[in-house]
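Next up, entry_31.cif (mmCIF, C-alpha atoms):
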```cif
data_input
loop_
_atom_site.group_PDB
_atom_site.id
_atom_site.type_symbol
_atom_site.label_atom_id
_atom_site.label_comp_id
_atom_site.auth_asym_id
_atom_site.auth_seq_id
_atom_site.Cartn_x
_atom_site.Cartn_y
_atom_site.Cartn_z
ATOM 1 C CA MET D 1 -4.959 -5.224 -31.152
ATOM 2 C CA CYS D 2 -3.762 -4.428 -34.674
ATOM 3 C CA GLY D 3 -7.287 -4.957 -35.958
ATOM 4 C CA LEU D 4 -8.687 -2.561 -33.391
ATOM 5 C CA LEU D 5 -6.096 0.062 -34.329
ATOM 6 C CA VAL D 6 -6.988 -0.256 -38.019
ATOM 7 C CA LEU D 7 -10.680 0.104 -37.246
ATOM 8 C CA ALA D 8 -9.952 3.116 -35.055
ATOM 9 C CA VAL D 9 -8.120 4.813 -37.922
ATOM 10 C CA ILE D 10 -10.829 3.992 -40.436
ATOM 11 C CA PHE D 11 -13.680 5.178 -38.236
ATOM 12 C CA GLN D 12 -11.806 8.062 -36.623
ATOM 13 C CA PRO D 13 -14.379 10.762 -37.552
ATOM 14 C CA GLN D 14 -17.259 8.747 -36.130
ATOM 15 C CA LEU D 15 -15.339 7.857 -32.962
ATOM 16 C CA THR D 16 -14.312 11.468 -32.481
ATOM 17 C CA ALA D 17 -17.915 12.600 -32.721
ATOM 18 C CA VAL D 18 -18.988 10.022 -30.117
ATOM 19 C CA LEU D 19 -16.097 10.409 -27.668
ATOM 20 C CA ASP D 20 -15.411 14.125 -27.950
ATOM 21 C CA VAL D 21 -17.561 15.162 -25.001
ATOM 22 C CA PRO D 22 -16.418 17.234 -21.993
ATOM 23 C CA ALA D 23 -16.945 14.461 -19.428
ATOM 24 C CA LEU D 24 -14.849 11.931 -21.333
ATOM 25 C CA ARG D 25 -12.124 14.505 -22.022
ATOM 26 C CA THR D 26 -11.935 15.345 -18.327
ATOM 27 C CA GLY D 27 -11.928 11.700 -17.270
ATOM 28 C CA SER D 28 -9.240 10.685 -19.766
ATOM 29 C CA THR D 29 -7.059 13.620 -18.707
ATOM 30 C CA VAL D 30 -7.295 12.652 -15.023
ATOM 31 C CA PHE D 31 -6.649 8.969 -15.803
ATOM 32 C CA VAL D 32 -3.550 9.649 -17.913
ATOM 33 C CA ALA D 33 -2.216 12.193 -15.421
ATOM 34 C CA VAL D 34 -2.535 9.794 -12.476
ATOM 35 C CA CYS D 35 -0.893 6.883 -14.322
ATOM 36 C CA VAL D 36 1.931 8.931 -15.861
ATOM 37 C CA GLN D 37 2.801 10.587 -12.538
ATOM 38 C CA ALA D 38 2.723 7.370 -10.541
ATOM 39 C CA MET D 39 4.351 4.911 -12.966
ATOM 40 C CA PRO D 40 8.014 5.975 -12.458
ATOM 41 C CA PHE D 41 7.694 5.536 -8.697
ATOM 42 C CA LEU D 42 5.961 2.216 -9.148
ATOM 43 C CA VAL D 43 8.658 0.875 -11.484
ATOM 44 C CA PHE D 44 11.471 2.068 -9.224
ATOM 45 C CA GLY D 45 9.768 0.553 -6.206
ATOM 46 C CA VAL D 46 9.297 -2.892 -7.722
ATOM 47 C CA LEU D 47 12.907 -2.937 -8.970
ATOM 48 C CA VAL D 48 14.237 -2.133 -5.505
ATOM 49 C CA SER D 49 11.834 -4.648 -3.985
ATOM 50 C CA GLY D 50 13.079 -7.327 -6.385
ATOM 51 C CA LEU D 51 16.707 -6.584 -5.510
ATOM 52 C CA ILE D 52 15.915 -6.855 -1.814
ATOM 53 C CA ALA D 53 14.012 -10.110 -2.264
ATOM 54 C CA ALA D 54 16.942 -11.617 -4.173
ATOM 55 C CA PHE D 55 20.052 -10.197 -2.512
ATOM 56 C CA VAL D 56 19.175 -9.067 1.029
ATOM 57 C CA PRO D 57 18.794 -12.101 3.311
ATOM 58 C CA PRO D 58 16.112 -11.799 6.003
ATOM 59 C CA GLN D 59 18.743 -12.981 8.506
ATOM 60 C CA ALA D 60 20.358 -9.548 8.260
ATOM 61 C CA LEU D 61 17.260 -7.915 9.732
ATOM 62 C CA ARG D 62 16.893 -10.663 12.327
ATOM 63 C CA ARG D 63 20.419 -10.085 13.608
ATOM 64 C CA ALA D 64 19.829 -6.339 13.832
ATOM 65 C CA LEU D 65 16.688 -6.643 15.973
ATOM 66 C CA PRO D 66 16.772 -6.476 19.788
ATOM 67 C CA ALA D 67 15.994 -9.697 21.601
ATOM 68 C CA ARG D 68 12.961 -8.265 23.440
ATOM 69 C CA ALA D 69 9.846 -8.126 21.271
ATOM 70 C CA GLY D 70 8.726 -4.777 22.679
ATOM 71 C CA ALA D 71 12.028 -3.132 21.762
ATOM 72 C CA ALA D 72 12.231 -4.934 18.420
ATOM 73 C CA VAL D 73 8.878 -3.550 17.210
ATOM 74 C CA PRO D 74 9.948 0.088 16.568
ATOM 75 C CA VAL D 75 13.297 -1.068 15.164
ATOM 76 C CA ALA D 76 11.507 -3.365 12.711
ATOM 77 C CA GLY D 77 9.138 -0.536 11.815
ATOM 78 C CA LEU D 78 12.014 1.841 11.096
ATOM 79 C CA ALA D 79 13.697 -0.882 9.027
ATOM 80 C CA GLY D 80 10.908 -0.347 6.524
ATOM 81 C CA VAL D 81 12.539 2.988 5.633
ATOM 82 C CA ALA D 82 15.463 1.133 4.089
ATOM 83 C CA LEU D 83 13.446 -1.641 2.445
ATOM 84 C CA PRO D 84 11.076 -0.223 -0.184
ATOM 85 C CA GLY D 85 8.332 -2.462 -1.473
ATOM 86 C CA CYS D 86 4.609 -2.669 -2.017
ATOM 87 C CA GLU D 87 2.134 -4.320 0.330
ATOM 88 C CA CYS D 88 2.116 -7.495 -1.756
ATOM 89 C CA ALA D 89 5.852 -7.957 -1.210
ATOM 90 C CA SER D 90 5.780 -7.237 2.540
ATOM 91 C CA VAL D 91 3.532 -10.198 3.380
ATOM 92 C CA PRO D 92 5.881 -12.983 2.175
ATOM 93 C CA VAL D 93 8.875 -11.122 3.637
ATOM 94 C CA ALA D 94 7.169 -10.924 7.046
ATOM 95 C CA ARG D 95 6.318 -14.623 6.910
ATOM 96 C CA ARG D 96 9.910 -15.468 6.017
ATOM 97 C CA LEU D 97 11.109 -13.393 8.992
ATOM 98 C CA MET D 98 8.847 -15.393 11.321
ATOM 99 C CA GLN D 99 10.086 -18.638 9.798
ATOM 100 C CA GLN D 100 13.661 -17.562 10.499
ATOM 101 C CA GLY D 101 13.045 -16.819 14.157
ATOM 102 C CA VAL D 102 12.037 -13.153 14.260
ATOM 103 C CA ALA D 103 9.397 -12.404 16.901
ATOM 104 C CA PRO D 104 5.927 -12.243 15.271
ATOM 105 C CA ALA D 105 5.318 -8.789 16.797
ATOM 106 C CA ALA D 106 8.408 -7.398 15.070
ATOM 107 C CA ALA D 107 7.635 -9.157 11.774
ATOM 108 C CA LEU D 108 4.098 -7.732 11.765
ATOM 109 C CA ALA D 109 5.387 -4.239 12.538
ATOM 110 C CA PHE D 110 7.707 -4.547 9.543
ATOM 111 C CA LEU D 111 4.819 -5.848 7.412
ATOM 112 C CA LEU D 112 2.760 -2.718 8.129
ATOM 113 C CA ALA D 113 5.589 -0.171 8.023
ATOM 114 C CA ALA D 114 7.616 -1.206 4.968
ATOM 115 C CA PRO D 115 4.989 -0.329 2.310
ATOM 116 C CA ALA D 116 4.210 3.060 3.874
ATOM 117 C CA VAL D 117 7.372 4.670 5.293
ATOM 118 C CA ASN D 118 9.974 3.891 2.624
ATOM 119 C CA PRO D 119 11.564 6.697 0.565
ATOM 120 C CA VAL D 120 9.787 5.777 -2.671
ATOM 121 C CA VAL D 121 6.355 6.221 -1.095
ATOM 122 C CA LEU D 122 7.357 9.403 0.732
ATOM 123 C CA VAL D 123 8.811 11.001 -2.406
ATOM 124 C CA SER D 124 5.729 10.079 -4.421
ATOM 125 C CA THR D 125 3.575 11.649 -1.706
ATOM 126 C CA ALA D 126 5.638 14.836 -1.848
ATOM 127 C CA VAL D 127 5.240 14.992 -5.627
ATOM 128 C CA ALA D 128 1.478 14.389 -5.369
ATOM 129 C CA PHE D 129 1.032 17.085 -2.685
ATOM 130 C CA PRO D 130 3.463 19.862 -3.671
ATOM 131 C CA ALA D 131 1.375 22.545 -1.924
ATOM 132 C CA ASP D 132 1.031 20.566 1.325
ATOM 133 C CA PRO D 133 4.544 19.639 2.529
ATOM 134 C CA TRP D 134 3.270 18.538 5.956
ATOM 135 C CA MET D 135 1.437 15.637 4.331
ATOM 136 C CA VAL D 136 4.730 13.715 3.961
ATOM 137 C CA PRO D 137 5.800 13.719 7.660
ATOM 138 C CA ALA D 138 2.171 13.217 8.697
ATOM 139 C CA ARG D 139 1.920 10.082 6.538
ATOM 140 C CA PHE D 140 5.265 8.824 7.813
ATOM 141 C CA LEU D 141 4.372 9.265 11.483
ATOM 142 C CA GLY D 142 0.812 7.976 11.097
ATOM 143 C CA SER D 143 1.958 4.817 9.311
ATOM 144 C CA LEU D 144 4.911 4.175 11.638
ATOM 145 C CA LEU D 145 2.701 4.688 14.687
ATOM 146 C CA THR D 146 0.139 2.260 13.266
ATOM 147 C CA ALA D 147 2.836 -0.385 12.725
ATOM 148 C CA CYS D 148 4.287 0.052 16.219
ATOM 149 C CA VAL D 149 0.915 0.005 17.979
ATOM 150 C CA MET D 150 -0.132 -3.172 16.165
ATOM 151 C CA GLY D 151 3.230 -4.793 16.946
ATOM 152 C CA TRP D 152 2.932 -3.943 20.640
ATOM 153 C CA LEU D 153 -0.675 -5.145 20.707
ATOM 154 C CA TRP D 154 0.396 -8.464 19.216
ATOM 155 C CA ALA D 155 3.259 -8.772 21.707
ATOM 156 C CA LYS D 156 0.764 -8.181 24.523
ATOM 157 C CA LEU D 157 -2.366 -9.959 23.315
ATOM 158 C CA GLY D 158 -1.402 -12.125 20.330
ATOM 159 C CA ARG D 159 -1.385 -15.914 20.517
ATOM 160 C CA ALA D 160 0.754 -18.309 18.524
ATOM 161 C CA GLU D 161 -2.229 -20.576 17.838
ATOM 162 C CA TRP D 162 -3.836 -17.790 15.790
ATOM 163 C CA LEU D 163 -1.029 -18.204 13.266
ATOM 164 C CA ALA D 164 -1.162 -21.076 10.790
ATOM 165 C CA GLU D 165 1.534 -23.715 11.193
ATOM 166 C CA ARG D 166 2.969 -22.893 7.759
ATOM 167 C CA ALA D 167 3.720 -19.346 8.914
ATOM 168 C CA LEU D 168 6.032 -20.577 11.703
ATOM 169 C CA ARG D 169 7.643 -23.539 9.939
ATOM 170 C CA ARG D 170 11.390 -22.929 9.981
ATOM 171 C CA VAL D 171 13.058 -22.661 6.583
ATOM 172 C CA GLU D 172 16.432 -21.432 5.433
ATOM 173 C CA ALA D 173 16.874 -20.089 1.925
ATOM 174 C CA HIS D 174 19.970 -20.814 -0.129
ATOM 175 C CA HIS D 175 20.480 -19.196 -3.521
ATOM 176 C CA ASP D 176 23.398 -19.258 -5.903
ATOM 177 C CA GLU D 177 24.161 -16.162 -7.969
ATOM 178 C CA GLY D 178 22.139 -17.354 -10.960
ATOM 179 C CA SER D 179 19.041 -18.158 -8.962
ATOM 180 C CA ARG D 180 19.251 -14.765 -7.202
ATOM 181 C CA TRP D 181 18.879 -12.985 -10.530
ATOM 182 C CA ALA D 182 15.998 -15.288 -11.381
ATOM 183 C CA VAL D 183 14.341 -14.370 -8.077
ATOM 184 C CA PHE D 184 14.920 -10.671 -8.841
ATOM 185 C CA ALA D 185 13.362 -10.937 -12.296
ATOM 186 C CA GLU D 186 10.374 -12.939 -11.077
ATOM 187 C CA SER D 187 9.749 -10.697 -8.042
ATOM 188 C CA ALA D 188 9.966 -7.498 -10.085
ATOM 189 C CA ARG D 189 7.743 -8.899 -12.833
ATOM 190 C CA HIS D 190 5.129 -10.152 -10.379
ATOM 191 C CA ASP D 191 5.031 -6.917 -8.383
ATOM 192 C CA LEU D 192 4.894 -4.707 -11.480
ATOM 193 C CA VAL D 193 2.099 -6.665 -13.148
ATOM 194 C CA GLU D 194 0.004 -6.870 -9.995
ATOM 195 C CA ALA D 195 0.647 -3.354 -8.714
ATOM 196 C CA GLY D 196 0.318 -1.910 -12.217
ATOM 197 C CA GLY D 197 -3.130 -3.423 -12.513
ATOM 198 C CA PHE D 198 -4.173 -1.800 -9.257
ATOM 199 C CA LEU D 199 -2.708 1.507 -10.468
ATOM 200 C CA VAL D 200 -4.828 1.375 -13.625
ATOM 201 C CA LEU D 201 -7.862 0.549 -11.508
ATOM 202 C CA GLY D 202 -7.056 3.473 -9.231
ATOM 203 C CA GLY D 203 -6.621 5.818 -12.180
ATOM 204 C CA LEU D 204 -9.984 4.752 -13.603
ATOM 205 C CA THR D 205 -11.589 5.209 -10.186
ATOM 206 C CA ALA D 206 -10.122 8.692 -9.860
ATOM 207 C CA ALA D 207 -11.347 9.588 -13.350
ATOM 208 C CA VAL D 208 -14.863 8.315 -12.670
ATOM 209 C CA PHE D 209 -14.795 10.016 -9.268
ATOM 210 C CA ASN D 210 -13.941 13.374 -10.836
ATOM 211 C CA VAL D 211 -16.541 13.099 -13.583
ATOM 212 C CA LEU D 212 -19.546 11.432 -11.932
ATOM 213 C CA VAL D 213 -19.400 12.474 -8.281
ATOM 214 C CA PRO D 214 -21.110 15.854 -7.929
ATOM 215 C CA ALA D 215 -19.032 18.619 -6.404
ATOM 216 C CA GLU D 216 -21.799 19.124 -3.832
ATOM 217 C CA TRP D 217 -21.116 15.657 -2.388
ATOM 218 C CA LEU D 218 -17.438 16.444 -1.934
ATOM 219 C CA GLU D 219 -18.324 19.755 -0.358
ATOM 220 C CA THR D 220 -20.560 17.831 2.046
ATOM 221 C CA LEU D 221 -17.657 15.547 2.975
ATOM 222 C CA GLY D 222 -15.451 18.594 3.316
ATOM 223 C CA GLY D 223 -17.877 20.131 5.753
ATOM 224 C CA GLN D 224 -18.280 16.938 7.809
ATOM 225 C CA ILE D 225 -14.836 15.725 8.807
ATOM 226 C CA LEU D 226 -16.056 12.590 10.589
ATOM 227 C CA LEU D 227 -18.086 11.462 7.576
ATOM 228 C CA GLY D 228 -15.173 12.238 5.271
ATOM 229 C CA VAL D 229 -12.777 10.207 7.436
ATOM 230 C CA LEU D 230 -15.088 7.181 7.498
ATOM 231 C CA VAL D 231 -15.781 7.295 3.754
ATOM 232 C CA MET D 232 -12.111 7.614 2.817
ATOM 233 C CA ALA D 233 -11.086 4.857 5.250
ATOM 234 C CA VAL D 234 -13.576 2.427 3.735
ATOM 235 C CA LEU D 235 -12.614 3.559 0.220
ATOM 236 C CA ALA D 236 -8.949 2.791 0.976
ATOM 237 C CA VAL D 237 -9.882 -0.774 1.967
ATOM 238 C CA VAL D 238 -12.064 -1.352 -1.088
ATOM 239 C CA LEU D 239 -9.823 0.211 -3.759
ATOM 240 C CA ALA D 240 -6.707 -1.700 -2.563
ATOM 241 C CA LEU D 241 -4.265 0.638 -4.316
ATOM 242 C CA CYS D 242 -0.497 0.198 -4.321
ATOM 243 C CA SER D 243 1.194 2.440 -1.752
ATOM 244 C CA GLU D 244 3.586 3.751 -4.401
ATOM 245 C CA ALA D 245 0.684 5.186 -6.415
ATOM 246 C CA ASP D 246 -2.158 5.886 -3.983
ATOM 247 C CA ALA D 247 -1.028 9.462 -3.231
ATOM 248 C CA PHE D 248 -1.603 10.504 -6.848
ATOM 249 C CA VAL D 249 -5.086 9.007 -6.832
ATOM 250 C CA VAL D 250 -6.248 10.664 -3.612
ATOM 251 C CA ALA D 251 -4.594 13.975 -4.523
ATOM 252 C CA SER D 252 -6.739 14.089 -7.664
ATOM 253 C CA MET D 253 -9.962 14.017 -5.626
ATOM 254 C CA PRO D 254 -10.989 17.666 -5.310
ATOM 255 C CA GLY D 255 -12.883 19.272 -2.452
ATOM 256 C CA LEU D 256 -11.685 16.939 0.319
ATOM 257 C CA PRO D 257 -9.803 18.249 3.371
ATOM 258 C CA LEU D 258 -6.324 16.956 4.095
ATOM 259 C CA LEU D 259 -7.352 14.879 7.118
ATOM 260 C CA PRO D 260 -9.588 12.404 5.210
ATOM 261 C CA LYS D 261 -6.882 12.163 2.539
ATOM 262 C CA LEU D 262 -4.304 11.354 5.220
ATOM 263 C CA VAL D 263 -6.593 8.659 6.615
ATOM 264 C CA PHE D 264 -6.799 7.154 3.115
ATOM 265 C CA LEU D 265 -2.987 7.142 2.799
ATOM 266 C CA VAL D 266 -2.433 5.560 6.223
ATOM 267 C CA VAL D 267 -5.214 2.952 6.064
ATOM 268 C CA GLY D 268 -4.585 1.783 2.493
ATOM 269 C CA PRO D 269 -1.078 0.295 2.925
ATOM 270 C CA ALA D 270 -2.077 -1.251 6.274
ATOM 271 C CA VAL D 271 -5.340 -3.010 5.444
ATOM 272 C CA ASP D 272 -7.233 -3.519 2.195
ATOM 273 C CA LEU D 273 -8.991 -6.335 0.398
ATOM 274 C CA LYS D 274 -5.894 -7.726 -1.338
ATOM 275 C CA LEU D 275 -3.872 -7.562 1.901
ATOM 276 C CA ILE D 276 -6.566 -9.411 3.826
ATOM 277 C CA SER D 277 -6.502 -12.130 1.180
ATOM 278 C CA LEU D 278 -2.697 -12.307 1.195
ATOM 279 C CA GLN D 279 -2.526 -12.396 5.000
ATOM 280 C CA SER D 280 -5.139 -15.124 5.124
ATOM 281 C CA GLY D 281 -3.083 -17.238 2.739
ATOM 282 C CA ALA D 282 0.232 -16.563 4.480
ATOM 283 C CA PHE D 283 -0.791 -16.617 8.151
ATOM 284 C CA GLY D 284 -4.198 -18.300 8.205
ATOM 285 C CA ARG D 285 -7.809 -17.173 8.331
ATOM 286 C CA ARG D 286 -7.929 -17.022 12.129
ATOM 287 C CA PHE D 287 -5.095 -14.513 12.048
ATOM 288 C CA ALA D 288 -6.590 -12.357 9.278
ATOM 289 C CA ALA D 289 -10.017 -12.292 10.940
ATOM 290 C CA ARG D 290 -8.461 -10.700 14.041
ATOM 291 C CA PHE D 291 -5.584 -8.712 12.593
ATOM 292 C CA ALA D 292 -7.374 -6.875 9.760
ATOM 293 C CA PRO D 293 -10.209 -5.276 11.811
ATOM 294 C CA ALA D 294 -7.795 -4.290 14.583
ATOM 295 C CA THR D 295 -5.402 -2.762 12.054
ATOM 296 C CA PHE D 296 -8.240 -0.784 10.463
ATOM 297 C CA LEU D 297 -9.277 0.776 13.766
ATOM 298 C CA VAL D 298 -5.689 1.506 14.827
ATOM 299 C CA ALA D 299 -4.797 3.030 11.447
ATOM 300 C CA VAL D 300 -7.824 5.333 11.462
ATOM 301 C CA GLY D 301 -7.099 6.393 15.043
ATOM 302 C CA CYS D 302 -3.387 7.032 14.428
ATOM 303 C CA ALA D 303 -4.062 8.957 11.214
ATOM 304 C CA CYS D 304 -6.647 11.154 12.924
ATOM 305 C CA ALA D 305 -4.356 11.809 15.918
ATOM 306 C CA VAL D 306 -1.365 12.706 13.763
ATOM 307 C CA GLY D 307 -3.503 14.716 11.340
ATOM 308 C CA ALA D 308 -5.124 16.725 14.114
ATOM 309 C CA VAL D 309 -1.673 17.720 15.383
ATOM 310 C CA MET D 310 0.272 18.204 12.151
ATOM 311 C CA LEU D 311 -2.449 19.251 9.716
ATOM 312 C CA GLY D 312 -4.595 21.186 12.142
ATOM 313 C CA GLY D 313 -7.614 19.034 11.295
ATOM 314 C CA ALA D 314 -7.577 20.498 7.772
#
```

Step by step, read the file and then write its structure as structure tokens.
Amino acid sequence: MCGLLVLAVIFQPQLTAVLDVPALRTGSTVFVAVCVQAMPFLVFGVLVSGLIAAFVPPQALRRALPARAGAAVPVAGLAGVALPGCECASVPVARRLMQQGVAPAAALAFLLAAPAVNPVVLVSTAVAFPADPWMVPARFLGSLLTACVMGWLWAKLGRAEWLAERALRRVEAHHDEGSRWAVFAESARHDLVEAGGFLVLGGLTAAVFNVLVPAEWLETLGGQILLGVLVMAVLAVVLALCSEADAFVVASMPGLPLLPKLVFLVVGPAVDLKLISLQSGAFGRRFAARFAPATFLVAVGCACAVGAVMLGGA
């Protein structure tokens, strides 16, 4: 790194002549803006997530849930408001809840809701969309509805044999004070490194999107809501952005109506490539093969329904 810095100083005039072009200036500005805006929320989120992983026992949520799975689903979904964390953290927490006796329907509702309805994500969405205040409640309701619908569907149609045995094996965690701080440090470090990498990838994608994608294409998506919804839903799955930073990325994409952007924000925290991989490892491939496609369809449907009502189809 030091060698590269020295070379950059020595050859600064030549590098300036090569890199000082409008497209690169625009792309670098978008990339830095997305990362700088999103990083404080990302850091705060992983710190809170680490504290929860270390000091809040899953038994506390289990005791607070109603005995009936159908009634426990919305309660578990709303519990995500008080438990900030990224998608990566919600998968092991949901598995631990199942292992400690929480109904799978409620644990899965928590898995889908926690990364999308917590205050960190909602505040970051408000900052990313200052001119569109209805985007925040629309994201909250769309994500919570997605979590509840999937929980109720699992309670009605889900089968225990679809879950891997390791996901239901009962375990009880015991930590002394020293090990709790070690868990906090490790959880925060892991989440920050992993989520930060996805943030950088998202910032680069947004920069490339702004520079290389012709404005006419975005105008085409803006004029065809259905096409825009489908493209943004698939893009949310492929990009696999952290929920604490995705609002800044999608807000930087010009020319798109609010409805496709809302679909991106609801689908992303519920189902993406990294989540499918994590769910397959935690709950088994048979589970992921059924749960991920169903979640995708439900998330798109809930986002469109909420967006049509609250955003006027904009």

Report the residues retrieved by the PyMOL selection byres ((chain D and resi 232) around 7) from the displayed file, expressed as a PDB file with C-alpha atoms, in the coordinates of the input.
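Everything below was put into selection-v7.pdb:
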```pdb
ATOM      1  CA  GLY D 228     -15.173  12.238   5.271  1.00  0.00           C
ATOM      2  CA  VAL D 229     -12.777  10.207   7.436  1.00  0.00           C
ATOM      3  CA  LEU D 230     -15.088   7.181   7.498  1.00  0.00           C
ATOM      4  CA  VAL D 231     -15.781   7.295   3.754  1.00  0.00           C
ATOM      5  CA  ALA D 233     -11.086   4.857   5.250  1.00  0.00           C
ATOM      6  CA  VAL D 234     -13.576   2.427   3.735  1.00  0.00           C
ATOM      7  CA  LEU D 235     -12.614   3.559   0.220  1.00  0.00           C
ATOM      8  CA  ALA D 236      -8.949   2.791   0.976  1.00  0.00           C
ATOM      9  CA  PRO D 260      -9.588  12.404   5.210  1.00  0.00           C
ATOM     10  CA  LYS D 261      -6.882  12.163   2.539  1.00  0.00           C
ATOM     11  CA  VAL D 263      -6.593   8.659   6.615  1.00  0.00           C
ATOM     12  CA  PHE D 264      -6.799   7.154   3.115  1.00  0.00           C
TER      13      PHE D 264
END
```

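Atom to atom, CA of Gln279 (chain D) and CA of Glu186 (chain D) stand 20.6 Å apart.
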
- prompt: Can you list, as a VMD selection string, every protein, DNA or RNA residue that comes within 9 Å of Asp272 (chain D) when you count only C-alpha atoms, leaving out same-chain residues fewer than 5 positions away?
  reply: chain D and resid 234 236 to 241 267 277 292 296

message: as an NGL selection string, please: the residues near Arg290 (chain D) (cut-off 10 Å, all atoms listed in the file, same-chain neighbours under 5 positions excluded).
response: :D and (158 or 162 or 285 or 295)

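For the atom pair formed by CA of Val48 (chain D) and CA of Pro115 (chain D), the distance is 12.2 Å, given to one decimal.
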
field: Residues near Ala82 (chain D), cut-off 9 Å, only C-alpha atoms, skip fewer than 6 positions along chain, as an NGL selection string
entry: :D and (114 or 117-119)

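For the pair CA of Ala247 (chain D) and CA of Phe129 (chain D), the interatomic distance is 7.9 Å.
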
query: Out of D:Thr146, D:Met310, D:Ala105, D:Cys242, which residue has the shortest atom-to-atom distance to Val193 (chain D) when counting only C-alpha atoms?
result: D:Cys242

message: Show me, as a ChimeraX atom specification, the residues that have an atom within 6 Å of region 72-79 of chain D when counting only C-alpha atoms, minus same-chain residues fewer than 3 positions from it.
response: /D:65-66,69,82,106,109-110,113,148,151

Store the residues picked out above in a file with C-alpha atoms, as an mmCIF file, keeping the file's coordinate frame.
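The resulting file, result.cif, is reproduced below:
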```
data_model
loop_
_atom_site.group_PDB
_atom_site.id
_atom_site.type_symbol
_atom_site.label_atom_id
_atom_site.label_comp_id
_atom_site.auth_asym_id
_atom_site.auth_seq_id
_atom_site.Cartn_x
_atom_site.Cartn_y
_atom_site.Cartn_z
ATOM 1 C CA LEU D 65 16.688 -6.643 15.973
ATOM 2 C CA PRO D 66 16.772 -6.476 19.788
ATOM 3 C CA ALA D 69 9.846 -8.126 21.271
ATOM 4 C CA ALA D 82 15.463 1.133 4.089
ATOM 5 C CA ALA D 106 8.408 -7.398 15.070
ATOM 6 C CA ALA D 109 5.387 -4.239 12.538
ATOM 7 C CA PHE D 110 7.707 -4.547 9.543
ATOM 8 C CA ALA D 113 5.589 -0.171 8.023
ATOM 9 C CA CYS D 148 4.287 0.052 16.219
ATOM 10 C CA GLY D 151 3.230 -4.793 16.946
#
```

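Comparing D:Leu311, D:Leu297, D:Ala207, D:Ala138 by their smallest distance to Val249 (chain D), the closest is D:Ala207 (using only C-alpha atoms).
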
message: Please determine, counting only C-alpha atoms, which residue among D:Gln224, D:Ser187, D:Ser252, D:Gln14 has the shortest atom-to-atom distance to Phe31 (chain D).
response: D:Ser252

Selected residue of minimal separation from Lys156 (chain D) among D:Gly70, D:Pro137, D:Gly101, D:Gly142, counting only C-alpha atoms: D:Gly70

Around (-5.1, 4.7, -17.2) in the file's frame, which residues reach within 8 Å when counting only C-alpha atoms? Return as an mmCIF file with C-alpha atoms, in the frame of the given file?
```cif
data_model
loop_
_atom_site.group_PDB
_atom_site.id
_atom_site.type_symbol
_atom_site.label_atom_id
_atom_site.label_comp_id
_atom_site.auth_asym_id
_atom_site.auth_seq_id
_atom_site.Cartn_x
_atom_site.Cartn_y
_atom_site.Cartn_z
ATOM 1 C CA SER D 28 -9.240 10.685 -19.766
ATOM 2 C CA PHE D 31 -6.649 8.969 -15.803
ATOM 3 C CA VAL D 32 -3.550 9.649 -17.913
ATOM 4 C CA VAL D 34 -2.535 9.794 -12.476
ATOM 5 C CA CYS D 35 -0.893 6.883 -14.322
ATOM 6 C CA LEU D 199 -2.708 1.507 -10.468
ATOM 7 C CA VAL D 200 -4.828 1.375 -13.625
ATOM 8 C CA LEU D 201 -7.862 0.549 -11.508
ATOM 9 C CA GLY D 203 -6.621 5.818 -12.180
ATOM 10 C CA LEU D 204 -9.984 4.752 -13.603
#
```

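The smallest atom-to-atom distance between Thr205 (chain D) and any of D:Gly301, D:Val127, D:Ala116, D:Asp246, using all atoms listed in the file, is found for D:Asp246.
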
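Take the candidates D:Leu273, D:Ala23, D:Val30, D:Ala17 and check each one against Ala251 (chain D) using only C-alpha atoms; the shortest distance goes to D:Val30.
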
Size and centre in Å, one decimal, axis-aligned box, all listed region 154-158 of chain D atoms plus 4 Å per side, as JSON:
```
{"center_x": 0.4, "center_y": -10.2, "center_z": 21.9, "size_x": 13.6, "size_y": 11.9, "size_z": 13.3}
```
